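Raw structure15.txt, compact mmCIF, C-alpha atoms:
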```txt
# COMPACT_ATOMS: atom_id res chain seq x y z
CA MET S 1 -19.93 71.69 88.98
CA ALA S 2 -19.15 67.95 88.70
CA ALA S 3 -21.77 65.48 89.79
CA PRO S 4 -20.84 63.45 92.89
CA ALA S 5 -19.80 59.81 92.50
CA THR S 6 -22.27 58.71 95.18
CA PRO S 7 -25.91 59.27 94.24
CA GLN S 8 -28.05 61.55 96.37
CA TRP S 9 -31.34 60.19 97.73
CA TYR S 10 -33.42 61.68 94.91
CA LEU S 11 -31.36 59.81 92.29
CA LYS S 12 -32.30 56.54 93.95
CA VAL S 13 -35.96 57.19 93.08
CA PRO S 14 -36.26 56.11 89.42
CA PRO S 15 -37.52 58.72 86.91
CA PRO S 16 -40.71 56.75 86.12
CA VAL S 17 -41.60 56.94 89.82
CA TRP S 18 -40.98 60.71 89.79
CA THR S 19 -43.21 60.95 86.70
CA LEU S 20 -45.97 58.90 88.30
CA GLY S 21 -45.78 61.03 91.45
CA LEU S 22 -46.03 64.24 89.43
CA LEU S 23 -49.02 62.88 87.49
CA LEU S 24 -50.71 61.95 90.74
CA ALA S 25 -49.97 65.41 92.16
CA ALA S 26 -51.44 67.02 89.02
CA TYR S 27 -54.58 64.93 89.40
CA LEU S 28 -54.95 65.84 93.07
CA ILE S 29 -54.36 69.55 92.38
CA GLU S 30 -56.86 69.47 89.54
CA ARG S 31 -59.53 67.81 91.70
CA THR S 32 -58.82 69.82 94.85
CA PHE S 33 -58.99 73.23 93.18
CA GLY S 34 -61.60 72.38 90.55
CA TRP S 35 -59.24 73.03 87.64
CA GLY S 36 -60.60 69.99 85.83
CA ARG S 37 -63.36 72.21 84.47
CA VAL S 38 -60.85 74.60 82.88
CA ILE S 39 -59.61 72.99 79.69
CA VAL S 40 -56.40 74.54 78.33
CA LEU S 41 -55.89 72.24 75.36
CA ARG S 42 -57.28 68.78 74.73
CA SER S 43 -56.54 66.56 71.76
CA THR S 44 -57.07 62.82 71.90
CA PRO S 45 -55.28 62.14 68.57
CA ALA S 46 -52.22 64.17 69.66
CA ALA S 47 -52.36 62.51 73.08
CA ILE S 48 -52.25 59.07 71.48
CA LEU S 49 -49.45 60.10 69.12
CA PHE S 50 -47.20 61.59 71.82
CA GLY S 51 -48.02 58.94 74.41
CA ALA S 52 -47.40 56.06 72.00
CA ALA S 53 -44.19 57.64 70.68
CA GLY S 54 -42.92 58.03 74.25
CA ILE S 55 -43.69 54.42 75.11
CA VAL S 56 -42.09 53.07 71.92
CA ILE S 57 -38.92 55.18 72.24
CA ALA S 58 -38.46 54.23 75.91
CA ALA S 59 -39.19 50.54 75.25
CA LEU S 60 -36.65 50.42 72.41
CA ALA S 61 -34.05 52.05 74.66
CA VAL S 62 -34.71 49.65 77.53
CA SER S 63 -34.46 46.75 75.09
CA LYS S 64 -31.07 48.03 73.88
CA PHE S 65 -29.79 48.20 77.48
CA PHE S 66 -30.94 44.64 78.19
CA THR S 67 -29.40 43.38 74.94
CA ALA S 68 -26.11 45.12 75.78
CA GLY S 69 -26.19 43.70 79.31
CA THR S 70 -25.75 47.02 81.05
CA GLU S 71 -27.53 48.61 83.99
CA ILE S 72 -30.77 50.51 83.52
CA GLU S 73 -30.93 52.06 87.01
CA PRO S 74 -29.67 55.69 86.89
CA ALA S 75 -28.11 55.47 90.37
CA SER S 76 -26.21 52.24 89.64
CA ALA S 77 -22.57 52.26 90.69
CA THR S 78 -21.39 51.36 87.19
CA ASN S 79 -22.51 50.98 83.61
CA LYS S 80 -20.79 48.17 81.77
CA LYS S 81 -21.14 49.65 78.28
CA VAL S 82 -21.80 52.77 76.26
CA VAL S 83 -24.95 51.97 74.31
CA ALA S 84 -24.94 53.87 71.02
CA GLY S 85 -27.35 51.91 68.82
CA GLY S 86 -31.10 52.10 68.25
CA PRO S 87 -32.65 55.30 69.62
CA PHE S 88 -29.29 56.15 71.24
CA ARG S 89 -28.09 57.13 67.76
CA PHE S 90 -30.40 60.17 67.88
CA THR S 91 -30.53 61.08 71.57
CA ARG S 92 -28.34 60.16 74.53
CA ASN S 93 -31.44 59.95 76.74
CA PRO S 94 -34.26 58.18 74.91
CA MET S 95 -35.74 56.76 78.12
CA TYR S 96 -36.07 60.25 79.58
CA LEU S 97 -37.35 61.59 76.26
CA GLY S 98 -39.93 58.80 76.31
CA LEU S 99 -41.10 59.84 79.78
CA VAL S 100 -41.44 63.47 78.69
CA LEU S 101 -43.39 62.51 75.54
CA MET S 102 -45.61 60.08 77.44
CA SER S 103 -46.42 62.68 80.10
CA LEU S 104 -47.13 65.20 77.33
CA GLY S 105 -49.55 62.70 75.82
CA ILE S 106 -51.33 62.39 79.15
CA ALA S 107 -51.43 66.20 79.46
CA LEU S 108 -52.98 66.48 76.00
CA TYR S 109 -55.58 63.89 76.93
CA MET S 110 -56.45 65.51 80.26
CA GLY S 111 -56.20 69.03 78.85
CA THR S 112 -55.75 70.94 82.11
CA LEU S 113 -52.93 73.16 83.37
CA PRO S 114 -51.66 70.93 86.21
CA PHE S 115 -51.06 68.12 83.73
CA PHE S 116 -49.20 70.41 81.33
CA LEU S 117 -46.72 71.21 84.11
CA VAL S 118 -45.78 67.53 84.43
CA PRO S 119 -43.78 67.15 81.16
CA LEU S 120 -41.90 70.36 81.95
CA LEU S 121 -41.08 69.16 85.47
CA VAL S 122 -40.07 65.69 84.22
CA PHE S 123 -37.74 67.34 81.69
CA LEU S 124 -36.19 69.57 84.38
CA ILE S 125 -35.75 66.71 86.88
CA CYS S 126 -34.01 64.60 84.23
CA ASP S 127 -31.93 67.44 82.78
CA ILE S 128 -30.82 68.99 86.08
CA LEU S 129 -30.64 66.00 88.45
CA PHE S 130 -30.28 62.67 86.64
CA ILE S 131 -28.38 63.41 83.44
CA PRO S 132 -25.42 65.29 85.01
CA PHE S 133 -24.90 62.42 87.49
CA GLU S 134 -25.05 59.81 84.74
CA GLU S 135 -22.82 61.76 82.36
CA ALA S 136 -20.15 62.22 85.04
CA LYS S 137 -20.32 58.51 85.85
CA MET S 138 -20.00 57.55 82.18
CA ARG S 139 -17.03 59.91 81.68
CA ARG S 140 -15.24 58.41 84.70
CA GLN S 141 -15.88 54.85 83.51
CA HIS S 142 -15.58 55.11 79.73
CA GLY S 143 -13.43 58.21 79.17
CA ASP S 144 -12.73 59.03 75.53
CA LEU S 145 -15.27 56.52 74.21
CA TYR S 146 -18.09 58.34 76.01
CA THR S 147 -16.69 61.79 75.17
CA GLU S 148 -16.62 60.85 71.49
CA TYR S 149 -20.21 59.59 71.73
CA THR S 150 -21.35 62.87 73.32
CA SER S 151 -19.70 64.81 70.51
CA ARG S 152 -21.81 62.90 67.94
CA VAL S 153 -25.17 62.61 69.73
CA ARG S 154 -27.10 65.39 71.43
CA ARG S 155 -28.36 65.16 74.99
CA TRP S 156 -32.05 65.35 73.99
CA MET S 157 -32.60 65.62 70.22
```

Can you present the structure in this file as structure tokens?
Amino acid sequence: MAAPATPQWYLKVPPPVWTLGLLLAAYLIERTFGWGRVIVLRSTPAAILFGAAGIVIAALAVSKFFTAGTEIEPASATNKKVVAGGPFRFTRNPMYLGLVLMSLGIALYMGTLPFFLVPLLVFLICDILFIPFEEAKMRRQHGDLYTEYTSRVRRWM
């Protein structure tokens, strides 16, 4: 099924806002039901590693978009360019990958089940809602150039 040309309401809410909302929901669920006492897995070194990697990957990707002069907002009407340098050489979605890794870092720091659901939900929201819309938009606007890029670089890793 092709993604519509006009973004739905949920695409107008940027992925970092979705991520923040899910983290807040995890915190409230943890506190409301007392799950904060039940540690699933906690590792501060792993939390720092994943969180920092997510921030660096996303920041490099945002920097590449600004340097290229193209839009960063997923629901934008157009994207002026296909950005294929920097982290975009390894993944077509480094900003989303960064959000997933950062939320995984937070989950590893908090160590409770509600927080471990957040990276999974962020991945699903990006993979099912945002990426198909953006890929359809890029194919309409950039045709063979974008198709060639997608044949070289994987969606996630």

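Closest approach to Tyr109 in chain S among S:Leu28, S:Ala47, S:Cys126, S:Ala5: S:Ala47, based on only C-alpha atoms.
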
Query - Nearby residues (all atoms listed in the file) at most 9 Å from Val122 in chain S, same-chain spacing under 3 positions excluded, as a list of chain:residue names - result: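 Selected residues are S:Pro15, S:Trp18, S:Thr19, S:Leu22, S:Tyr96, S:Leu99, S:Val100, S:Ser103, S:Leu117, S:Val118, S:Pro119, S:Ile125, S:Cys126, S:Asp127.
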
Report task. Compile the contact shell of Leu41 in chain S as an MDAnalysis selection string: residues with an atom at most 9 Å away, counting all atoms listed in the file, same-chain residues fewer than 6 positions apart removed. Result -> chainID S and resid 107:113

Query - Point-to-point distance from CA of Gly36 in chain S to CA of Leu104 in chain S, Å rounded to tenths - result: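 Calculated distance between CA of Gly36 in chain S and CA of Leu104 in chain S is 16.6 Å.
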
Would you tabulate, counting all atoms listed in the file, all residues of range 9-121 of chain S that have an atom at most 8 Å from an atom of range 128-144 of chain S, showing the closest pair of atoms and their distance in Å to one decimal, sorted by chain then ascending number, as JSON lines?
```
{"residue": "S:Leu11", "atom": "CA", "partner": "S:Phe130", "partner_atom": "CA", "distance": 6.4}
{"residue": "S:Pro74", "atom": "CA", "partner": "S:Glu134", "partner_atom": "CA", "distance": 6.6}
{"residue": "S:Ala75", "atom": "CA", "partner": "S:Glu134", "partner_atom": "CA", "distance": 7.7}
{"residue": "S:Thr78", "atom": "CA", "partner": "S:Lys137", "partner_atom": "CA", "distance": 7.4}
{"residue": "S:Asn79", "atom": "CA", "partner": "S:Met138", "partner_atom": "CA", "distance": 7.2}
{"residue": "S:Lys81", "atom": "CA", "partner": "S:His142", "partner_atom": "CA", "distance": 7.9}
{"residue": "S:Val82", "atom": "CA", "partner": "S:His142", "partner_atom": "CA", "distance": 7.5}
```

Query raised in the report: Pick the closest to Ala84 in chain S from S:Phe123, S:Ile72, S:Lys64, S:Ala58: which is it, counting all atoms listed in the file?
Result: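 With all atoms listed in the file as the atom set, the closest residue is S:Lys64.
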
**Report entry** Point-to-point distance in Å for CA of Phe116 in chain S and CA of Ile29 in chain S
**Finding:**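 Atom-to-atom, CA of Ile29 in chain S and CA of Phe116 in chain S are spaced 12.2 Å apart.
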